[in-house]
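To start, the structure under review is shown below, and the notes come after it.
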Amino acid sequence: MVKAKEANLRSRMERDATDCAAAKMLKREPCHNGDDDCAVCNDGAAVLHVGHSHAHASTPPPLGKWSYTADVARAFPQGAEELKRATVIVTGANGGIGRETAKALATIGARVVLACRNLAKAGVAKTYILNSSKLGESGRVVCMELDLASPQSIKAFVARFTKQSQEERWDPLSTLVCNAGITALGGLRVNEEGTESTFATNHLGHCLLVKLLLPVLKQYAPLARVVVVGSNSHFGPLATKDMLNKEAIMTKVVRPEKRDFSPMKAYGSSKLFNTLFACALHRQYASDGVVACSLHPGSMIASDIGRESWIANFYLKYINSWFAKSVDQGASTTVMCCLMPASELKGQYFNDCAVFAPSPLAQDENVQSFAWALTDELLRAHL
Ligand SMILES: NC(=O)c1ccc[n+]([C@@H]2O[C@H](COP(=O)([O-])OP(=O)(O)OC[C@H]3O[C@@H](n4cnc5c(N)ncnc54)[C@H](OP(=O)(O)O)[C@@H]3O)[C@@H](O)[C@H]2O)c1
């Protein structure tokens, strides 16, 4: 059915392209596949890339699982226009989905801060973004150090961002993308405060960052937004009774014993907290003009997420990559959440460029409030 529709659209556009070529309506435009420039027919409604041997229609396929970030950018011209006068922070932007997200937003024209724990890697990513997007020196991409596992590093980042953005008169901060994430496949590790590293990085670090940046974000009200990259792994790691029990969360999630530690449960729990946090943040601050949402970028995308296990890494990069979304496609839902009207985020969960129902636990407002309060308690020393 979908295939038939695509074929229909393609043949209609190929016909249009022939007409437009005759009418000399062809012009050059970067191709959404990230290939070299190609000729496109643009009559304002239909665009067909005809420079490739595999001519493909690129507008307006409805957004979905296989959409590229450039498809998303084209689908939200007003959001893209707004971002040209705004600053966006992307955490964990030196690789994987974060780097492709940063590239897409920089290509649109936003100032993009690559918030990364390793400045050397961030510098390499910046060069990749500027070169592959053909922005060159005109790209407004900035690297800043941020280690989400360290509250001290988060505070230093916020101070540095605030100072530099004021001194250099940057456009206002409109969007914070909480993308960085780890899976502790190498085993249990804790941060400087004794908190399990997955929970500390994926959830607590992002919460502290959001809370410290709220005064800056509020200056962009009512359109400021926080986009949290979660995961469908949030389905199932914790039982409802655990989620309203502080003792259970402390022993199973925040400070687990080595013998009880499961990397995938720790990852799933941190991702459940990501979605609970986005919902609670939205409920708490939407009236102040800061909205939020969370999302699943796609499953088993060939990023570095499995780096601590050679088997997982090999499987992701060399086997599953034949079937999964590309890393650019994995960034599409995030980019969509950055570009769609702020009023439509509504604290919701997105997947494959569409609204998607998160787990019943993530939707439970009592659980959201409980997670919010516990998070505040764990961060009290830093707020
Ligand atoms: N790949 C998937 O299939 C998949 C599926 C569902 C959800 N996700 C989510 O998508 C997001 C991006 O993951 P990815 O797949 O792109 O993985 P990735 O390639 O491993 O990228 C993760 C990024 O997070 C950064 N990071 C890790 N710890 C950090 C810390 N303490 N402080 C600051 N940055 C830190 C990494 O920096 P370093 O290079 O310095 O480590 C890297 O830039 C994550 O939230 C992940 O949970 C991914």
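For the structure tokens, the naming scheme is as follows: chains receive sequential letters (A, B, ...) according to their order of presentation, residues are indexed from 1 within each chain, and ligands are indexed from 1 in presentation order.
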
Using only C-alpha atoms, I'd like a table of the residues in stretch 286-332 of chain A that come within 10 Å of stretch 253-273 of chain A; for each, show the closest atom pair and its distance in Å rounded to one decimal, ordered by chain and ascending number, as CSV.
residue,atom,partner,partner_atom,distance
A:Ser294,CA,A:Lys271,CA,9.7
A:Leu295,CA,A:Lys271,CA,9.9
A:His296,CA,A:Lys271,CA,9.6

*ligand 1: which residues are within 7 Å, counting only C-alpha atoms and all ligand atoms, as a ChimeraX atom specification?*
/A:91-98,115-118,121,146-149,179-182,201-202,229-232,296-306

In stretch 74-310 of chain A, DSSP alpha helix (DSSP H) residues written as a compact mmCIF listing (two decimals) with N, CA and C atoms, in the first residue's frame:
# COMPACT_ATOMS: atom_id res chain seq x y z
N ARG A 74 12.62 20.58 5.78
CA ARG A 74 11.74 21.12 4.72
C ARG A 74 10.28 21.12 5.17
N ALA A 75 9.95 20.20 6.07
CA ALA A 75 8.54 20.10 6.49
C ALA A 75 8.14 21.20 7.47
N PRO A 77 9.20 24.82 7.65
CA PRO A 77 9.93 26.03 7.25
C PRO A 77 9.88 27.14 8.30
N GLN A 78 8.75 27.25 9.01
CA GLN A 78 8.67 28.34 9.99
C GLN A 78 9.59 28.07 11.19
N GLY A 79 9.60 26.82 11.63
CA GLY A 79 10.51 26.46 12.74
C GLY A 79 11.95 26.68 12.33
N ALA A 80 12.27 26.34 11.07
CA ALA A 80 13.63 26.53 10.58
C ALA A 80 13.98 28.02 10.54
N GLU A 81 13.02 28.82 10.13
CA GLU A 81 13.23 30.28 10.07
C GLU A 81 13.53 30.83 11.47
N GLU A 82 12.77 30.35 12.46
CA GLU A 82 12.97 30.83 13.85
C GLU A 82 14.36 30.46 14.36
N LEU A 83 14.80 29.25 13.99
CA LEU A 83 16.11 28.80 14.50
C LEU A 83 17.28 29.60 13.93
N GLY A 96 27.65 10.07 16.84
CA GLY A 96 26.34 9.43 16.77
C GLY A 96 25.19 10.35 16.41
N ILE A 97 24.06 10.12 17.08
CA ILE A 97 22.82 10.84 16.77
C ILE A 97 22.96 12.33 17.10
N GLY A 98 23.71 12.64 18.18
CA GLY A 98 23.88 14.05 18.57
C GLY A 98 24.61 14.85 17.51
N ARG A 99 25.61 14.24 16.89
CA ARG A 99 26.38 14.96 15.87
C ARG A 99 25.50 15.23 14.64
N GLU A 100 24.70 14.25 14.26
CA GLU A 100 23.81 14.46 13.10
C GLU A 100 22.72 15.49 13.42
N THR A 101 22.26 15.49 14.67
CA THR A 101 21.27 16.49 15.09
C THR A 101 21.90 17.88 14.98
N ALA A 102 23.11 18.02 15.53
CA ALA A 102 23.80 19.32 15.50
C ALA A 102 24.05 19.76 14.07
N LYS A 103 24.43 18.81 13.22
CA LYS A 103 24.69 19.14 11.81
C LYS A 103 23.41 19.66 11.15
N ALA A 104 22.30 18.98 11.38
CA ALA A 104 21.04 19.40 10.75
C ALA A 104 20.65 20.80 11.22
N LEU A 105 20.81 21.07 12.52
CA LEU A 105 20.39 22.37 13.05
C LEU A 105 21.34 23.48 12.58
N ALA A 106 22.63 23.15 12.49
CA ALA A 106 23.60 24.14 11.99
C ALA A 106 23.35 24.42 10.52
N THR A 107 22.98 23.40 9.77
CA THR A 107 22.70 23.57 8.33
C THR A 107 21.51 24.51 8.14
N ILE A 108 20.54 24.41 9.02
CA ILE A 108 19.38 25.31 8.95
C ILE A 108 19.81 26.76 9.21
N LEU A 119 36.86 17.81 24.51
CA LEU A 119 36.93 18.94 23.56
C LEU A 119 37.64 18.58 22.26
N ALA A 120 38.59 17.66 22.34
CA ALA A 120 39.29 17.26 21.11
C ALA A 120 38.29 16.59 20.15
N LYS A 121 37.46 15.67 20.70
CA LYS A 121 36.44 15.01 19.86
C LYS A 121 35.43 16.03 19.35
N ALA A 122 35.10 17.01 20.19
CA ALA A 122 34.13 18.03 19.78
C ALA A 122 34.69 18.83 18.60
N GLY A 123 36.00 19.12 18.66
CA GLY A 123 36.63 19.87 17.57
C GLY A 123 36.58 19.11 16.26
N VAL A 124 36.81 17.80 16.34
CA VAL A 124 36.74 16.97 15.13
C VAL A 124 35.30 16.97 14.58
N ALA A 125 34.35 16.88 15.49
CA ALA A 125 32.93 16.89 15.06
C ALA A 125 32.57 18.22 14.42
N LYS A 126 33.09 19.31 15.00
CA LYS A 126 32.80 20.63 14.42
C LYS A 126 33.32 20.70 12.98
N THR A 127 34.55 20.22 12.76
CA THR A 127 35.11 20.24 11.41
C THR A 127 34.25 19.40 10.47
N TYR A 128 33.84 18.22 10.96
CA TYR A 128 32.98 17.34 10.14
C TYR A 128 31.68 18.07 9.77
N ILE A 129 31.07 18.72 10.76
CA ILE A 129 29.79 19.40 10.51
C ILE A 129 29.96 20.52 9.49
N LEU A 130 30.99 21.35 9.69
CA LEU A 130 31.19 22.48 8.79
C LEU A 130 31.53 22.03 7.37
N ASN A 131 32.34 20.98 7.26
CA ASN A 131 32.73 20.50 5.93
C ASN A 131 31.59 19.76 5.23
N SER A 132 30.96 18.83 5.95
CA SER A 132 29.96 18.00 5.26
C SER A 132 28.69 18.78 4.97
N PRO A 151 28.63 17.03 38.45
CA PRO A 151 27.89 18.26 38.75
C PRO A 151 28.79 19.50 38.64
N GLN A 152 30.07 19.37 39.03
CA GLN A 152 30.98 20.54 38.95
C GLN A 152 31.14 20.97 37.49
N SER A 153 31.29 20.00 36.60
CA SER A 153 31.47 20.31 35.18
C SER A 153 30.19 20.97 34.62
N ILE A 154 29.04 20.52 35.07
CA ILE A 154 27.76 21.08 34.57
C ILE A 154 27.65 22.54 35.01
N LYS A 155 28.01 22.80 36.27
CA LYS A 155 27.93 24.19 36.76
C LYS A 155 28.90 25.08 35.98
N ALA A 156 30.10 24.55 35.73
CA ALA A 156 31.10 25.34 34.99
C ALA A 156 30.61 25.60 33.56
N PHE A 157 29.96 24.61 32.96
CA PHE A 157 29.43 24.79 31.60
C PHE A 157 28.40 25.91 31.56
N VAL A 158 27.48 25.88 32.52
CA VAL A 158 26.40 26.90 32.52
C VAL A 158 27.01 28.30 32.71
N ALA A 159 28.00 28.41 33.60
CA ALA A 159 28.65 29.72 33.81
C ALA A 159 29.35 30.18 32.53
N ARG A 160 30.04 29.24 31.85
CA ARG A 160 30.79 29.59 30.63
C ARG A 160 29.81 29.97 29.51
N PHE A 161 28.74 29.19 29.39
CA PHE A 161 27.76 29.47 28.33
C PHE A 161 27.15 30.85 28.55
N THR A 162 26.76 31.13 29.78
CA THR A 162 26.08 32.40 30.08
C THR A 162 27.02 33.57 29.77
N LYS A 163 28.29 33.45 30.22
CA LYS A 163 29.25 34.53 30.02
C LYS A 163 29.52 34.75 28.53
N GLN A 164 29.86 33.65 27.84
CA GLN A 164 30.25 33.79 26.43
C GLN A 164 29.09 34.27 25.56
N SER A 165 27.89 33.76 25.84
CA SER A 165 26.75 34.16 25.01
C SER A 165 26.41 35.63 25.22
N GLN A 166 26.64 36.12 26.44
CA GLN A 166 26.38 37.55 26.68
C GLN A 166 27.47 38.41 26.05
N GLU A 167 28.72 38.01 26.29
CA GLU A 167 29.84 38.82 25.77
C GLU A 167 29.82 38.90 24.24
N SER A 197 26.75 5.39 37.11
CA SER A 197 27.11 6.31 36.02
C SER A 197 26.02 6.48 34.95
N THR A 198 25.26 5.42 34.64
CA THR A 198 24.20 5.56 33.62
C THR A 198 23.13 6.54 34.09
N HIS A 206 21.49 15.62 33.10
CA HIS A 206 20.63 16.44 32.24
C HIS A 206 19.65 17.27 33.07
N CYS A 207 19.14 16.68 34.17
CA CYS A 207 18.19 17.44 35.01
C CYS A 207 18.88 18.66 35.61
N LEU A 208 20.10 18.46 36.09
CA LEU A 208 20.81 19.60 36.69
C LEU A 208 21.07 20.66 35.62
N LEU A 209 21.45 20.23 34.45
CA LEU A 209 21.70 21.16 33.35
C LEU A 209 20.44 21.97 33.02
N VAL A 210 19.32 21.27 32.90
CA VAL A 210 18.06 21.96 32.57
C VAL A 210 17.73 22.97 33.67
N LYS A 211 17.83 22.52 34.90
CA LYS A 211 17.41 23.40 36.01
C LYS A 211 18.29 24.64 36.09
N LEU A 212 19.59 24.47 35.85
CA LEU A 212 20.49 25.64 35.91
C LEU A 212 20.30 26.56 34.72
N LEU A 213 19.83 26.00 33.60
CA LEU A 213 19.63 26.84 32.40
C LEU A 213 18.22 27.43 32.31
N LEU A 214 17.35 27.06 33.24
CA LEU A 214 15.96 27.54 33.15
C LEU A 214 15.85 29.07 33.08
N PRO A 215 16.63 29.82 33.89
CA PRO A 215 16.52 31.28 33.80
C PRO A 215 16.88 31.78 32.40
N VAL A 216 17.84 31.14 31.74
CA VAL A 216 18.23 31.56 30.39
C VAL A 216 17.12 31.16 29.40
N LEU A 217 16.61 29.94 29.54
CA LEU A 217 15.55 29.48 28.63
C LEU A 217 14.30 30.35 28.76
N LYS A 218 14.00 30.77 29.97
CA LYS A 218 12.77 31.56 30.18
C LYS A 218 12.83 32.88 29.42
N THR A 240 5.81 -0.92 38.79
CA THR A 240 5.09 0.24 39.32
C THR A 240 5.37 0.42 40.81
N LYS A 241 5.34 -0.68 41.56
CA LYS A 241 5.51 -0.56 43.01
C LYS A 241 6.90 0.02 43.35
N ASP A 242 7.89 -0.28 42.51
CA ASP A 242 9.23 0.28 42.75
C ASP A 242 9.25 1.78 42.51
N MET A 243 8.49 2.20 41.50
CA MET A 243 8.57 3.60 41.08
C MET A 243 7.96 4.57 42.07
N LYS A 246 10.98 5.09 47.38
CA LYS A 246 12.31 5.70 47.35
C LYS A 246 13.42 4.68 47.65
N GLU A 247 13.16 3.82 48.63
CA GLU A 247 14.16 2.83 49.01
C GLU A 247 14.51 1.93 47.82
N ALA A 248 13.47 1.51 47.10
CA ALA A 248 13.68 0.61 45.95
C ALA A 248 14.49 1.32 44.87
N ILE A 249 14.18 2.59 44.61
CA ILE A 249 14.90 3.32 43.56
C ILE A 249 16.36 3.52 43.98
N PRO A 263 23.45 -3.86 33.20
CA PRO A 263 23.61 -2.66 32.37
C PRO A 263 22.35 -2.27 31.62
N MET A 264 21.62 -3.25 31.09
CA MET A 264 20.46 -2.90 30.29
C MET A 264 19.30 -2.41 31.17
N LYS A 265 19.20 -2.98 32.40
CA LYS A 265 18.17 -2.47 33.31
C LYS A 265 18.51 -1.04 33.74
N ALA A 266 19.80 -0.82 33.98
CA ALA A 266 20.23 0.53 34.38
C ALA A 266 19.93 1.52 33.26
N TYR A 267 20.22 1.10 32.03
CA TYR A 267 19.96 1.98 30.87
C TYR A 267 18.45 2.26 30.76
N GLY A 268 17.65 1.19 30.80
CA GLY A 268 16.19 1.34 30.67
C GLY A 268 15.62 2.23 31.78
N SER A 269 16.13 2.05 33.00
CA SER A 269 15.64 2.87 34.12
C SER A 269 15.97 4.34 33.89
N SER A 270 17.20 4.60 33.43
CA SER A 270 17.60 5.99 33.21
C SER A 270 16.72 6.60 32.12
N LYS A 271 16.34 5.80 31.13
CA LYS A 271 15.51 6.31 30.03
C LYS A 271 14.06 6.51 30.49
N LEU A 272 13.59 5.65 31.43
CA LEU A 272 12.27 5.89 32.01
C LEU A 272 12.28 7.24 32.75
N PHE A 273 13.34 7.48 33.51
CA PHE A 273 13.46 8.76 34.23
C PHE A 273 13.53 9.93 33.24
N ASN A 274 14.17 9.73 32.07
CA ASN A 274 14.21 10.78 31.04
C ASN A 274 12.79 11.20 30.65
N THR A 275 11.96 10.22 30.37
CA THR A 275 10.59 10.54 29.91
C THR A 275 9.73 11.10 31.04
N LEU A 276 9.89 10.53 32.24
CA LEU A 276 9.16 11.07 33.40
C LEU A 276 9.55 12.53 33.63
N PHE A 277 10.84 12.81 33.49
CA PHE A 277 11.34 14.16 33.71
C PHE A 277 10.76 15.14 32.68
N ALA A 278 10.75 14.73 31.40
CA ALA A 278 10.24 15.62 30.35
C ALA A 278 8.76 15.93 30.60
N CYS A 279 7.99 14.92 30.99
CA CYS A 279 6.56 15.15 31.26
C CYS A 279 6.40 16.11 32.44
N ALA A 280 7.13 15.86 33.52
CA ALA A 280 6.99 16.70 34.72
C ALA A 280 7.49 18.11 34.45
N LEU A 281 8.57 18.22 33.70
CA LEU A 281 9.12 19.54 33.35
C LEU A 281 8.07 20.35 32.59
N HIS A 282 7.44 19.68 31.64
CA HIS A 282 6.42 20.37 30.84
C HIS A 282 5.27 20.83 31.73
N ARG A 283 4.80 19.93 32.59
CA ARG A 283 3.67 20.30 33.46
C ARG A 283 4.04 21.49 34.35
N GLN A 284 5.29 21.50 34.81
CA GLN A 284 5.74 22.51 35.77
C GLN A 284 6.01 23.86 35.09
N TYR A 285 6.57 23.85 33.90
CA TYR A 285 7.09 25.10 33.32
C TYR A 285 6.43 25.57 32.03
N TRP A 310 32.36 -5.37 22.72
CA TRP A 310 32.73 -5.52 21.31
C TRP A 310 31.65 -6.25 20.54

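Checking A:Glu196, A:Gly139, A:Gln329, A:Asn366 one by one against A:Asn351, counting only C-alpha atoms, you find the shortest gap at A:Gln329.
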
*Between A:Gln219, A:Ser287, A:Thr195, A:Ser332, single out the one closest to A:Gly64, counting only C-alpha atoms.*
A:Ser332

_Long-range neighbours of stretch 336-343 of chain A as a PyMOL selection string, 6 Å cut-off, only C-alpha atoms, 3 positions minimum in chain_ = chain A and resi 72+79+223+333

Writing out the chosen residues with C-alpha atoms as an mmCIF file, in the first residue's frame:
data_model
loop_
_atom_site.group_PDB
_atom_site.id
_atom_site.type_symbol
_atom_site.label_atom_id
_atom_site.label_comp_id
_atom_site.auth_asym_id
_atom_site.auth_seq_id
_atom_site.Cartn_x
_atom_site.Cartn_y
_atom_site.Cartn_z
ATOM 1 C CA VAL A 72 12.161 17.283 8.456
ATOM 2 C CA GLY A 79 10.508 26.463 12.740
ATOM 3 C CA LEU A 223 8.794 29.310 22.703
ATOM 4 C CA THR A 333 12.671 12.780 15.375
#

*Spatial neighbours of A:Val142, 7 Å, only C-alpha atoms, chain gap at least 6 places, as a list in words*: Val112, Val113 and Leu114 of chain A

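Taking atom CA of A:Arg307 and atom CA of A:Tyr349 as the two end points, the separation is 26.7 Å.
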
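Within stretch 149-360 of chain A, DSSP applied to the backbone places the following residues in strand (DSSP E or B): A:Leu173, A:Ser174, A:Thr175, A:Leu176, A:Val177, A:Cys178, A:Val190, A:Glu196, A:Ala224, A:Arg225, A:Val226, A:Val227, A:Val228, A:Val229, A:Val290, A:Val291, A:Ala292, A:Cys293, A:Ser294, A:Leu295, A:His296, A:Tyr349, A:Phe350, A:Asn351, A:Ala354, A:Val355.
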
Keeping only C-alpha atoms, write those residues as a CSV table (one decimal), in the first residue's frame.
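Output saved as out_38.csv:
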chain,number,residue,atom,x,y,z
A,173,LEU,CA,18.9,30.1,23.7
A,174,SER,CA,15.7,28.6,22.3
A,175,THR,CA,16.3,24.9,22.6
A,176,LEU,CA,18.2,22.5,24.8
A,177,VAL,CA,18.6,19.0,23.3
A,178,CYS,CA,19.4,16.5,26.1
A,190,VAL,CA,29.9,5.4,39.9
A,196,GLU,CA,25.7,4.8,39.2
A,224,ALA,CA,11.7,27.8,24.7
A,225,ARG,CA,11.9,24.1,24.6
A,226,VAL,CA,13.8,21.1,26.1
A,227,VAL,CA,14.0,18.0,23.9
A,228,VAL,CA,15.0,14.9,25.8
A,229,VAL,CA,16.3,11.9,23.9
A,290,VAL,CA,9.3,26.5,28.6
A,291,VAL,CA,7.9,23.4,27.0
A,292,ALA,CA,9.3,19.9,26.8
A,293,CYS,CA,9.0,16.5,25.2
A,294,SER,CA,10.9,13.2,25.0
A,295,LEU,CA,11.5,10.8,22.2
A,296,HIS,CA,12.8,7.5,20.9
A,349,TYR,CA,6.7,11.2,23.6
A,350,PHE,CA,7.7,10.9,20.0
A,351,ASN,CA,8.9,8.0,17.8
A,354,ALA,CA,5.1,11.1,15.2
A,355,VAL,CA,3.5,11.1,18.6

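The spacing separating atom CA of A:Tyr220 from atom CA of A:Asp288 amounts to 10.0 Å.
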
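You can rank A:Gly330, A:Leu63, A:Tyr318, A:Ser359 by their closest distance to A:Phe235 using only C-alpha atoms, and at the top of that list sits A:Ser359.
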